[in-house]
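To be precise, the following lines are data_33.tsv, and they hold TSV, C-alpha atoms.
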chain	number	residue	atom	x	y	z
A	229	MET	CA	99.62	111.98	117.17
A	230	SER	CA	99.20	115.73	116.93
A	231	GLN	CA	101.91	118.01	115.61
A	232	GLN	CA	103.07	121.31	117.09
A	233	GLU	CA	102.40	124.49	115.13
A	234	ILE	CA	105.18	125.38	112.72
A	235	GLU	CA	106.06	128.60	114.59
A	236	VAL	CA	106.50	126.53	117.76
A	237	ILE	CA	108.68	123.98	115.97
A	238	LEU	CA	110.86	126.79	114.65
A	239	ALA	CA	110.96	128.46	118.10
A	240	ARG	CA	112.21	125.19	119.58
A	241	HIS	CA	114.84	124.95	116.85
A	242	LEU	CA	116.02	128.46	117.66
A	243	ALA	CA	116.02	127.63	121.39
A	244	GLU	CA	118.15	124.55	120.74
A	245	CYS	CA	120.71	126.76	119.02
A	246	LEU	CA	120.85	129.42	121.76
A	247	ALA	CA	123.15	129.58	124.76
A	248	MET	CA	120.46	131.41	126.74
A	249	PRO	CA	117.86	129.49	128.74
A	250	VAL	CA	114.52	129.34	126.90
A	251	PHE	CA	111.04	128.11	127.90
A	252	ILE	CA	108.23	127.49	125.40
A	253	VAL	CA	104.65	127.06	126.52
A	254	SER	CA	101.52	126.09	124.60
A	255	PRO	CA	98.42	128.33	124.43
A	256	ASP	CA	97.01	126.24	127.29
A	257	GLY	CA	100.02	127.13	129.42
A	258	ASP	CA	101.70	123.74	129.34
A	259	LEU	CA	105.49	123.85	129.30
A	260	ILE	CA	106.20	122.00	126.07
A	261	PHE	CA	109.94	122.61	125.74
A	262	TYR	CA	112.98	124.01	127.54
A	263	ASN	CA	116.50	123.95	126.20
A	264	GLU	CA	119.78	122.70	127.71
A	265	PRO	CA	120.84	126.06	129.20
A	266	ALA	CA	117.43	126.15	130.94
A	267	GLU	CA	118.06	122.66	132.28
A	268	MET	CA	121.26	123.95	133.91
A	269	VAL	CA	119.44	126.77	135.69
A	270	LEU	CA	116.40	124.73	136.65
A	271	GLY	CA	118.19	121.57	137.69
A	272	LEU	CA	115.79	119.51	135.58
A	273	SER	CA	116.13	117.61	132.33
A	274	TYR	CA	113.59	117.99	129.54
A	275	ASN	CA	114.16	114.38	128.52
A	276	GLU	CA	113.14	113.29	132.01
A	277	THR	CA	110.23	115.64	132.64
A	278	GLY	CA	108.79	116.04	129.13
A	279	MET	CA	105.78	118.34	128.99
A	280	MET	CA	104.67	119.91	132.29
A	281	PRO	CA	101.18	121.27	133.00
A	282	ALA	CA	100.94	124.99	133.85
A	283	ASP	CA	100.04	124.47	137.51
A	284	GLU	CA	103.14	122.29	137.91
A	285	TRP	CA	105.85	124.36	136.23
A	286	SER	CA	104.59	127.68	137.58
A	287	THR	CA	105.07	126.53	141.19
A	288	ILE	CA	107.78	123.87	140.98
A	289	PHE	CA	110.58	126.47	141.10
A	290	ASN	CA	109.17	128.27	144.15
A	291	PRO	CA	109.29	131.71	142.52
A	292	VAL	CA	109.65	134.66	144.90
A	293	ASP	CA	109.81	138.42	144.48
A	294	LEU	CA	112.80	140.57	145.49
A	295	ASP	CA	111.55	140.65	149.09
A	296	GLY	CA	111.40	136.88	149.21
A	297	LYS	CA	107.59	136.71	149.13
A	298	PRO	CA	106.05	133.92	147.00
A	299	LEU	CA	105.03	135.07	143.53
A	300	PRO	CA	101.60	133.90	142.41
A	301	PRO	CA	101.63	132.22	138.96
A	302	GLU	CA	99.67	135.07	137.36
A	303	GLU	CA	102.54	137.49	138.11
A	304	LEU	CA	105.17	135.42	136.29
A	305	PRO	CA	106.25	137.05	132.99
A	306	LEU	CA	105.47	133.92	131.01
A	307	MET	CA	101.95	133.79	132.43
A	308	ILE	CA	101.47	137.48	131.61
A	309	ALA	CA	102.63	136.86	128.02
A	310	LEU	CA	100.28	133.90	127.85
A	311	THR	CA	97.15	135.38	129.38
A	312	GLN	CA	97.46	139.07	128.48
A	313	LYS	CA	99.30	138.46	125.21
A	314	HIS	CA	101.89	141.17	125.68
A	315	PRO	CA	105.60	141.12	126.58
A	316	ALA	CA	106.64	141.13	130.22
A	317	HIS	CA	109.92	141.37	132.12
A	318	LYS	CA	110.71	140.70	135.78
A	319	LEU	CA	113.53	140.13	138.24
A	320	LEU	CA	112.69	137.23	140.55
A	321	GLY	CA	114.11	134.44	142.65
A	322	ILE	CA	113.70	130.72	142.01
A	323	GLN	CA	114.86	127.54	143.60
A	324	GLY	CA	115.72	124.80	141.12
A	325	LYS	CA	115.24	121.12	141.80
A	326	ASP	CA	118.95	121.03	142.65
A	327	GLY	CA	118.07	123.12	145.72
A	328	ILE	CA	120.14	126.12	144.68
A	329	ARG	CA	118.39	129.50	144.98
A	330	ARG	CA	119.05	131.82	142.06
A	331	LYS	CA	118.07	135.33	141.13
A	332	ILE	CA	116.99	135.49	137.49
A	333	GLU	CA	115.69	138.06	135.00
A	334	VAL	CA	112.94	136.85	132.72
A	335	THR	CA	111.68	138.32	129.45
A	336	ALA	CA	108.58	136.69	128.00
A	337	PHE	CA	106.60	137.34	124.84
A	338	PRO	CA	103.59	135.81	123.10
A	339	LEU	CA	103.99	133.86	119.85
A	340	VAL	CA	101.52	135.14	117.29
A	341	GLY	CA	101.71	133.30	113.98
A	342	GLN	CA	100.35	133.82	110.48
A	343	ALA	CA	96.72	134.92	110.36
A	344	ASP	CA	96.98	136.17	113.95
A	345	ARG	CA	97.00	132.65	115.37
A	346	PHE	CA	98.09	132.64	119.01
A	347	VAL	CA	100.33	129.59	119.25
A	348	GLY	CA	101.97	129.98	122.67
A	349	ALA	CA	104.59	132.03	124.47
A	350	VAL	CA	108.34	132.07	124.98
A	351	ALA	CA	110.43	133.10	127.97
A	352	ILE	CA	114.14	133.81	127.87
A	353	PHE	CA	115.94	134.19	131.17
A	354	TRP	CA	119.30	135.09	132.60
A	355	GLU	CA	120.88	134.61	135.99
A	356	SER	CA	120.89	138.12	137.39
A	357	LEU	CA	123.98	139.90	138.63
A	358	LYS	CA	121.86	142.75	140.05
B	18	MET	CA	91.30	109.72	92.55
B	19	LYS	CA	93.63	110.54	89.67
B	20	VAL	CA	96.84	112.50	90.27
B	21	THR	CA	98.60	113.88	87.18
B	22	PHE	CA	102.01	115.55	87.07
B	23	TRP	CA	102.15	118.53	84.70
B	24	GLY	CA	105.41	119.94	86.08
B	25	THR	CA	107.84	118.19	88.40
B	26	ARG	CA	110.91	120.43	88.29
B	27	GLY	CA	111.95	122.70	91.14
B	28	SER	CA	113.41	126.22	91.22
B	29	LEU	CA	113.73	126.81	87.48
B	30	ALA	CA	112.30	125.25	84.34
B	31	ALA	CA	114.87	122.94	82.74
B	32	PRO	CA	113.74	121.95	79.26
B	33	GLY	CA	116.01	119.88	77.06
B	34	ALA	CA	116.76	116.46	75.71
B	35	ASP	CA	118.49	115.34	78.90
B	36	THR	CA	115.48	116.19	81.13
B	37	ALA	CA	112.74	114.94	78.81
B	38	ARG	CA	111.85	111.80	80.79
B	39	TYR	CA	111.28	113.46	84.19
B	40	GLY	CA	110.27	116.74	82.60
B	41	GLY	CA	111.47	120.32	82.55
B	42	ASN	CA	108.37	122.26	83.65
B	43	THR	CA	108.06	123.58	87.20
B	44	SER	CA	105.54	122.49	89.83
B	45	CYS	CA	101.98	121.75	88.79
B	46	VAL	CA	99.87	118.73	89.74
B	47	SER	CA	96.17	118.08	89.14
B	48	VAL	CA	93.92	115.97	91.33
B	49	GLN	CA	90.65	114.69	89.91
B	50	GLY	CA	88.09	113.05	92.13
B	51	LYS	CA	85.73	110.21	91.38
B	52	GLU	CA	82.80	112.64	91.25
B	53	GLY	CA	84.62	114.98	88.89
B	54	THR	CA	85.99	117.58	91.31
B	55	TYR	CA	89.13	119.05	89.77
B	56	ILE	CA	91.81	120.88	91.68
B	57	VAL	CA	95.19	122.20	90.62
B	58	LEU	CA	98.19	122.25	92.93
B	59	ASP	CA	100.56	125.12	92.14
B	60	ALA	CA	100.88	127.13	88.97
B	61	GLY	CA	104.42	126.53	87.79
B	62	THR	CA	105.16	126.42	84.07
B	63	GLY	CA	103.46	123.01	83.86
B	64	ILE	CA	100.05	124.65	84.26
B	65	ARG	CA	100.12	125.91	80.68
B	66	SER	CA	99.89	122.39	79.32
B	67	LEU	CA	97.21	121.47	81.88
B	68	GLY	CA	95.10	124.42	80.72
B	69	GLN	CA	95.14	123.12	77.17
B	70	ASN	CA	93.95	119.71	78.32
B	71	LEU	CA	91.00	120.81	80.46
B	72	PRO	CA	87.49	120.36	79.05
B	73	PRO	CA	86.27	123.68	77.60
B	74	GLU	CA	82.94	123.36	79.44
B	75	LEU	CA	84.65	123.44	82.87
B	76	GLU	CA	83.01	126.22	84.88
B	77	ARG	CA	85.17	126.32	87.98
B	78	VAL	CA	88.85	125.71	88.65
B	79	ASP	CA	90.45	125.77	92.10
B	80	ILE	CA	94.18	126.50	92.12
B	81	LEU	CA	95.86	125.78	95.44
B	82	LEU	CA	99.21	127.56	95.71
B	83	THR	CA	101.69	126.32	98.30
B	84	HIS	CA	103.60	129.61	98.22
B	85	LEU	CA	104.44	132.42	95.86
B	86	HIS	CA	107.99	131.64	94.78
B	87	MET	CA	108.33	132.09	91.03
B	88	ASP	CA	108.61	128.40	90.14
B	89	HIS	CA	105.12	127.91	91.64
B	90	ILE	CA	103.30	130.82	89.98
B	91	GLN	CA	105.12	131.56	86.75
B	92	GLY	CA	102.68	129.66	84.57
B	93	LEU	CA	99.54	131.22	86.04
B	94	PRO	CA	98.90	133.90	83.38
B	95	PHE	CA	99.35	131.27	80.67
B	96	PHE	CA	96.59	129.05	82.07
B	97	ALA	CA	93.95	129.08	79.31
B	98	PRO	CA	90.80	129.14	81.53
B	99	LEU	CA	91.87	132.56	82.85
B	100	ARG	CA	90.93	134.02	79.48
B	101	ARG	CA	87.48	132.41	79.32
B	102	PRO	CA	84.53	134.63	80.35
B	103	GLY	CA	82.29	132.99	82.90
B	104	VAL	CA	84.89	130.64	84.34
B	105	GLU	CA	85.31	130.92	88.11
B	106	ILE	CA	88.94	130.82	89.15
B	107	HIS	CA	89.43	130.26	92.88
B	108	ILE	CA	93.00	130.88	94.00
B	109	TRP	CA	93.97	129.61	97.44
B	110	GLY	CA	97.29	130.43	99.04
B	111	PRO	CA	99.11	132.02	101.96
B	112	ALA	CA	99.04	135.72	102.72
B	113	SER	CA	102.05	137.31	104.38
B	114	THR	CA	101.84	139.10	107.70
B	115	THR	CA	101.53	142.43	105.90
B	116	LEU	CA	100.05	141.70	102.45
B	117	GLY	CA	97.01	139.74	101.31
B	118	LEU	CA	97.21	136.97	98.70
B	119	HIS	CA	95.77	139.11	95.92
B	120	ALA	CA	98.24	141.93	96.57
B	121	ARG	CA	101.14	139.50	96.74
B	122	LEU	CA	100.19	137.88	93.42
B	123	GLN	CA	99.59	141.26	91.84
B	124	LYS	CA	103.29	142.00	92.30
B	125	TYR	CA	103.98	139.40	89.61
B	126	LEU	CA	100.85	139.96	87.53
B	127	SER	CA	101.63	143.59	86.74
B	128	PRO	CA	104.26	145.57	84.81
B	129	PRO	CA	107.20	145.43	84.56
B	130	LEU	CA	107.21	141.69	85.36
B	131	PHE	CA	104.10	140.91	83.32
B	132	PRO	CA	102.10	143.10	80.90
B	133	VAL	CA	98.61	141.94	81.91
B	134	SER	CA	97.04	142.44	85.33
B	135	VAL	CA	94.42	140.25	86.99
B	136	ARG	CA	91.61	142.72	86.29
B	137	GLU	CA	92.27	142.48	82.54
B	138	LEU	CA	91.70	138.73	82.48
B	139	ALA	CA	88.25	137.49	81.43
B	140	ALA	CA	87.63	134.90	84.13
B	141	GLU	CA	86.01	135.69	87.47
B	142	PHE	CA	88.61	135.60	90.26
B	143	HIS	CA	88.15	134.67	93.90
B	144	PHE	CA	91.06	134.77	96.33
B	145	HIS	CA	91.12	132.71	99.53
B	146	GLU	CA	93.83	133.14	102.12
B	147	LEU	CA	95.45	130.30	104.02
B	148	PRO	CA	96.13	128.68	106.42
B	149	ALA	CA	92.47	128.12	107.21
B	150	ASP	CA	90.55	125.37	108.85
B	151	ILE	CA	89.36	122.61	106.61
B	152	ILE	CA	88.55	123.72	103.06
B	153	GLU	CA	85.79	121.87	101.28
B	154	ILE	CA	85.93	121.79	97.50
B	155	GLY	CA	83.44	119.46	95.87
B	156	GLU	CA	84.04	115.93	97.13
B	157	PHE	CA	87.37	116.86	98.76
B	158	LYS	CA	88.20	117.98	102.25
B	159	ILE	CA	91.50	119.83	102.14
B	160	TYR	CA	93.78	120.58	105.05
B	161	ALA	CA	96.36	123.36	104.64
B	162	GLN	CA	99.11	123.97	107.17
B	163	LEU	CA	102.26	126.04	107.29
B	164	VAL	CA	105.46	124.05	106.75
B	165	ILE	CA	109.17	124.80	106.90
B	166	HIS	CA	110.22	126.69	103.77
B	167	PRO	CA	111.35	130.33	103.44
B	168	ASN	CA	108.43	132.81	103.30
B	169	PRO	CA	104.89	131.72	104.16
B	170	THR	CA	104.41	128.25	102.68
B	171	VAL	CA	101.66	125.72	103.18
B	172	GLY	CA	101.36	122.02	102.43
B	173	TYR	CA	98.09	120.32	101.52
B	174	ARG	CA	96.34	117.10	102.41
B	175	ILE	CA	93.54	116.32	99.97
B	176	GLN	CA	91.10	113.86	101.38
B	177	SER	CA	88.20	112.11	99.66
B	178	SER	CA	86.00	109.61	101.46
B	179	LYS	CA	88.54	106.83	101.02
B	180	ILE	CA	91.77	108.30	99.63
B	181	ALA	CA	94.26	110.90	100.90
B	182	VAL	CA	97.06	112.62	99.01
B	183	THR	CA	99.59	114.98	100.58
B	184	TYR	CA	101.47	117.59	98.59
B	185	LEU	CA	104.65	119.06	100.11
B	186	PRO	CA	106.67	120.20	97.10
B	187	ASP	CA	108.97	122.59	98.97
B	188	HIS	CA	109.75	121.38	102.45
B	189	GLU	CA	112.79	121.06	104.69
B	190	PRO	CA	111.63	119.27	107.85
B	191	ALA	CA	115.22	118.38	108.71
B	192	LEU	CA	115.97	122.04	109.38
B	193	ALA	CA	114.11	122.02	112.70
B	194	GLY	CA	116.16	119.82	114.98
B	195	GLN	CA	119.68	118.71	115.69
B	196	THR	CA	118.86	115.25	114.35
B	197	PHE	CA	116.44	114.00	111.73
B	198	PRO	CA	114.06	112.29	111.79
B	199	HIS	CA	112.90	113.44	115.20
B	200	ASP	CA	109.68	113.06	117.15
B	201	LYS	CA	106.55	113.05	115.01
B	202	GLU	CA	105.09	115.76	117.23
B	203	TRP	CA	108.01	118.06	116.40
B	204	THR	CA	108.23	117.33	112.68
B	205	SER	CA	106.95	119.90	110.19
B	206	GLY	CA	104.34	118.42	107.86
B	207	TYR	CA	103.75	115.26	109.85
B	208	ARG	CA	100.09	115.96	110.55
B	209	LEU	CA	99.46	116.45	106.83
B	210	ALA	CA	101.29	113.32	105.74
B	211	GLU	CA	100.36	110.80	108.41
B	212	GLY	CA	99.24	107.54	106.79
B	213	VAL	CA	98.39	109.00	103.36
B	214	ASP	CA	97.90	106.87	100.27
B	215	LEU	CA	100.28	109.08	98.28
B	216	LEU	CA	102.89	111.56	99.48
B	217	ILE	CA	104.30	113.97	96.89
B	218	HIS	CA	107.38	115.46	98.53
B	219	ASP	CA	110.41	117.60	97.84
B	220	SER	CA	113.54	115.50	97.21
B	221	GLN	CA	115.65	118.11	95.48
B	222	TYR	CA	119.19	117.46	96.66
B	223	THR	CA	121.68	114.63	96.81
B	224	GLU	CA	123.29	113.85	100.15
B	225	GLU	CA	126.46	115.58	98.94
B	226	GLU	CA	124.63	118.75	97.91
B	227	TYR	CA	122.46	119.17	101.01
B	228	PRO	CA	125.06	120.46	103.52
B	229	GLN	CA	125.87	123.41	101.20
B	230	ARG	CA	122.16	124.20	100.74
B	231	ARG	CA	120.87	123.70	104.27
B	232	GLY	CA	118.26	126.35	105.02
B	233	PHE	CA	117.24	126.86	101.37
B	234	GLY	CA	113.97	125.12	102.22
B	235	HIS	CA	114.41	121.83	100.36
B	236	SER	CA	115.08	118.24	101.34
B	237	SER	CA	117.80	115.83	100.48
B	238	ILE	CA	116.51	112.66	98.89
B	239	ARG	CA	117.39	110.68	102.04
B	240	HIS	CA	115.51	113.10	104.29
B	241	ALA	CA	112.49	112.84	101.99
B	242	PHE	CA	112.49	109.05	102.26
B	243	GLN	CA	112.93	109.30	106.05
B	244	PHE	CA	110.00	111.70	106.28
B	245	ALA	CA	107.87	109.25	104.26
B	246	THR	CA	108.86	106.44	106.62
B	247	LEU	CA	108.14	108.52	109.73
B	248	SER	CA	104.71	109.41	108.31
B	249	SER	CA	103.85	105.78	107.47
B	250	VAL	CA	102.78	106.65	103.93
B	251	LYS	CA	101.63	103.97	101.53
B	252	ARG	CA	103.23	105.40	98.40
B	253	PHE	CA	105.84	108.10	97.84
B	254	ALA	CA	106.44	110.27	94.77
B	255	PRO	CA	109.75	112.18	94.96
B	256	PHE	CA	109.15	115.65	93.45
B	257	HIS	CA	110.71	119.07	92.77
B	258	HIS	CA	113.71	117.75	90.89
B	259	ASP	CA	116.73	120.04	90.87
B	260	PRO	CA	117.19	121.83	87.52
B	261	THR	CA	120.82	120.71	87.36
B	262	HIS	CA	119.91	117.02	87.67
B	263	ASN	CA	119.38	115.35	84.31
B	264	ASP	CA	117.38	112.16	83.76
B	265	ASP	CA	120.32	109.80	84.16
B	266	MET	CA	121.32	111.43	87.42
B	267	LEU	CA	117.75	111.24	88.77
B	268	ASP	CA	117.62	107.54	87.82
B	269	ARG	CA	120.79	106.94	89.81
B	270	MET	CA	119.57	108.99	92.81
B	271	PHE	CA	116.31	107.04	93.05
B	272	GLU	CA	117.89	103.61	92.46
B	273	GLN	CA	120.63	104.14	95.02
B	274	THR	CA	118.31	105.59	97.67
B	275	ILE	CA	115.75	102.79	97.28
B	276	GLN	CA	118.56	100.23	97.53
B	277	THR	CA	119.99	101.87	100.67
B	278	MET	CA	116.74	102.74	102.46
B	279	GLN	CA	114.70	99.64	101.54
B	280	PRO	CA	111.41	101.53	102.03
B	281	SER	CA	108.33	99.58	103.09
B	282	TYR	CA	106.16	101.78	100.83
B	283	GLY	CA	105.99	101.98	97.04
B	284	VAL	CA	108.12	104.62	95.32
B	285	THR	CA	107.02	106.26	92.06
B	286	PRO	CA	109.28	109.16	91.10
B	287	SER	CA	107.18	111.96	89.63
B	288	ARG	CA	107.48	112.35	85.87
B	289	GLU	CA	105.89	115.10	83.83
B	290	GLY	CA	102.86	113.77	81.94
B	291	SER	CA	102.44	110.69	84.12
B	292	SER	CA	99.42	109.88	86.28
B	293	ILE	CA	98.79	107.81	89.36
B	294	GLU	CA	95.34	106.29	89.92
B	295	LEU	CA	94.41	105.72	93.56
B	296	THR	CA	91.51	103.54	94.54
B	297	GLY	CA	90.11	102.99	98.04
I need this file expressed as structure tokens, please.
Amino acid sequence: MSQQEIEVILARHLAECLAMPVFIVSPDGDLIFYNEPAEMVLGLSYNETGMMPADEWSTIFNPVDLDGKPLPPEELPLMIALTQKHPAHKLLGIQGKDGIRRKIEVTAFPLVGQADRFVGAVAIFWESLK
Amino acid sequence: MKVTFWGTRGSLAAPGADTARYGGNTSCVSVQGKEGTYIVLDAGTGIRSLGQNLPPELERVDILLTHLHMDHIQGLPFFAPLRRPGVEIHIWGPASTTLGLHARLQKYLSPPLFPVSVRELAAEFHFHELPADIIEIGEFKIYAQLVIHPNPTVGYRIQSSKIAVTYLPDHEPALAGQTFPHDKEWTSGYRLAEGVDLLIHDSQYTEEEYPQRRGFGHSSIRHAFQFATLSSVKRFAPFHHDPTHNDDMLDRMFEQTIQTMQPSYGVTPSREGSSIELTG
């Protein structure tokens, strides 16, 4: 049994204490945690899905841009934080597993730990009123 | 492998008649391998006595610091081999995000906190920053990983060919999670402690004290036992005794917790001056 990096464990703890939806992904892009507020927006339960591979979570919510065109995974803020290792922000549309289409704003940032270890990325998102 | 406790107290030295059995010196443990490799875990006030007991012909000493809180470094300048020309002193420990290990230690080893700086000591110093991949020192492979405690703090797993010892003197795994114990994958320190022959772990607080000290970076005695159970250790040595807990209180804490938890592993509370021999 492997253990998550300490910065990731602490990020999850913070996420569990926040009222904002939070995603945490591993350096490989796997979705390793999302908190209860994220479950509400996504219409999914972390206890049911567990970890999700990158190609699954990046398409499962049918992300679209403001014109309604499908967004490729590499344009999602979390993927930008993960692959380019810098913060990213975007307004986009998603459709949760509950079938409801929502407009959300996403801010994502890389997690860089002690000794410049890249340990994953975090996305925080809000339902947009714009 | 021989593990010797030179200081078992946490936070502040607590000498006195009522702490004489468990000891009043702060964290310091030595680990001696079958082939003679000698490493020192932390440099609390207990390291002074260790220095007086080391063979004078020893040419190299490796001191592995978990972190730089005062109770883990205060004894360092009083460690006799530091004053011996020709002795190699290798100090391993965590840097911060902005300062290297040497610079962080220099803050203590310089005026006004201490009159002598590292460069004035006779021994030859080598600083090694952690966390790193596996460290190899003599016959030991050593794994160092960050664990939950304020400021950069690592725990160690010291592995010989047949024996493994894990040292987590300051650790609050229960802080990360709404419930404890939680999944192994999401538990700080688990990878270091999994299946070890001896776990030396923080057990500073009583159950009554813990809620008022949550976030200070230390475990309640029950959480320490639960962590040992989760990690399937073979033997557990509660460590980092609170300076306000005298010998009689520590006796009661250990007796009551063992009675309540009924651990499947052996429990040997750490006592200053005592040793544990581990054979494969």
Test item: chain B residues at most 12 Å from chain A, counting all atoms listed in the file, as a CSV table (one decimal) with C-alpha atoms, keeping the file's coordinate frame:
chain,number,residue,atom,x,y,z
B,111,PRO,CA,99.1,132.0,102.0
B,112,ALA,CA,99.0,135.7,102.7
B,113,SER,CA,102.0,137.3,104.4
B,114,THR,CA,101.8,139.1,107.7
B,115,THR,CA,101.5,142.4,105.9
B,116,LEU,CA,100.0,141.7,102.4
B,117,GLY,CA,97.0,139.7,101.3
B,118,LEU,CA,97.2,137.0,98.7
B,146,GLU,CA,93.8,133.1,102.1
B,147,LEU,CA,95.4,130.3,104.0
B,148,PRO,CA,96.1,128.7,106.4
B,149,ALA,CA,92.5,128.1,107.2
B,150,ASP,CA,90.6,125.4,108.8
B,162,GLN,CA,99.1,124.0,107.2
B,163,LEU,CA,102.3,126.0,107.3
B,164,VAL,CA,105.5,124.0,106.8
B,165,ILE,CA,109.2,124.8,106.9
B,166,HIS,CA,110.2,126.7,103.8
B,167,PRO,CA,111.4,130.3,103.4
B,168,ASN,CA,108.4,132.8,103.3
B,169,PRO,CA,104.9,131.7,104.2
B,170,THR,CA,104.4,128.2,102.7
B,171,VAL,CA,101.7,125.7,103.2
B,172,GLY,CA,101.4,122.0,102.4
B,188,HIS,CA,109.8,121.4,102.4
B,189,GLU,CA,112.8,121.1,104.7
B,190,PRO,CA,111.6,119.3,107.8
B,191,ALA,CA,115.2,118.4,108.7
B,192,LEU,CA,116.0,122.0,109.4
B,193,ALA,CA,114.1,122.0,112.7
B,194,GLY,CA,116.2,119.8,115.0
B,195,GLN,CA,119.7,118.7,115.7
B,196,THR,CA,118.9,115.2,114.4
B,199,HIS,CA,112.9,113.4,115.2
B,200,ASP,CA,109.7,113.1,117.2
B,201,LYS,CA,106.6,113.0,115.0
B,202,GLU,CA,105.1,115.8,117.2
B,203,TRP,CA,108.0,118.1,116.4
B,204,THR,CA,108.2,117.3,112.7
B,205,SER,CA,107.0,119.9,110.2
B,206,GLY,CA,104.3,118.4,107.9
B,207,TYR,CA,103.8,115.3,109.8
B,208,ARG,CA,100.1,116.0,110.6
B,209,LEU,CA,99.5,116.4,106.8
B,210,ALA,CA,101.3,113.3,105.7
B,211,GLU,CA,100.4,110.8,108.4
B,212,GLY,CA,99.2,107.5,106.8
B,247,LEU,CA,108.1,108.5,109.7
B,248,SER,CA,104.7,109.4,108.3
(request) Skip A:Asp295 itself and residues of its chain fewer than 6 positions away, then list as JSON, numbers by chain all residues within 12 Å of it, counting all atoms listed in the file. (result) {"A": [319, 320, 321, 331]}
(request) Could you tell me how far atom CA of A:Pro301 lies from atom CA of A:Phe353, in Å and to one decimal? (result)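 If I compute the distance from atom CA of A:Pro301 to atom CA of A:Phe353, I get 16.4 Å.
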(message) Calculated over only C-alpha atoms, which of the candidates A:Pro300, A:Leu357, A:Lys325, A:Leu246 has the smallest distance to A:Asp283?
(response)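 Selected residue with least distance to A:Asp283: A:Pro300.
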Give me the residues within 7 Å of B:Tyr160 as a CSV table (one decimal) with C-alpha atoms, in the frame of the given file, counting only C-alpha atoms and dropping any in the same chain fewer than 4 places off.
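This went into selection03.csv:
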chain,number,residue,atom,x,y,z
B,150,ASP,CA,90.6,125.4,108.8
B,151,ILE,CA,89.4,122.6,106.6
B,152,ILE,CA,88.6,123.7,103.1
B,173,TYR,CA,98.1,120.3,101.5
B,174,ARG,CA,96.3,117.1,102.4
B,175,ILE,CA,93.5,116.3,100.0
(message) At a cut-off of 9 Å, using only C-alpha atoms, what residues contact B:Ile154? Leave out same-chain residues fewer than 6 positions from it and give the result as a VMD selection string.
(response) chain B and resid 54 to 56 79
Write the selection just made, keeping C-alpha atoms, as a tab-separated table (two decimals), in the frame of the given file?
chain	number	residue	atom	x	y	z
B	54	THR	CA	85.99	117.58	91.31
B	55	TYR	CA	89.13	119.05	89.77
B	56	ILE	CA	91.81	120.88	91.68
B	79	ASP	CA	90.45	125.77	92.10
(request) For stretch 93-100 of chain B, please output as a count of residues only all residues within 10 Å (counting all atoms listed in the file; exclusion window: fewer than 2 positions along the same chain). (result) 42
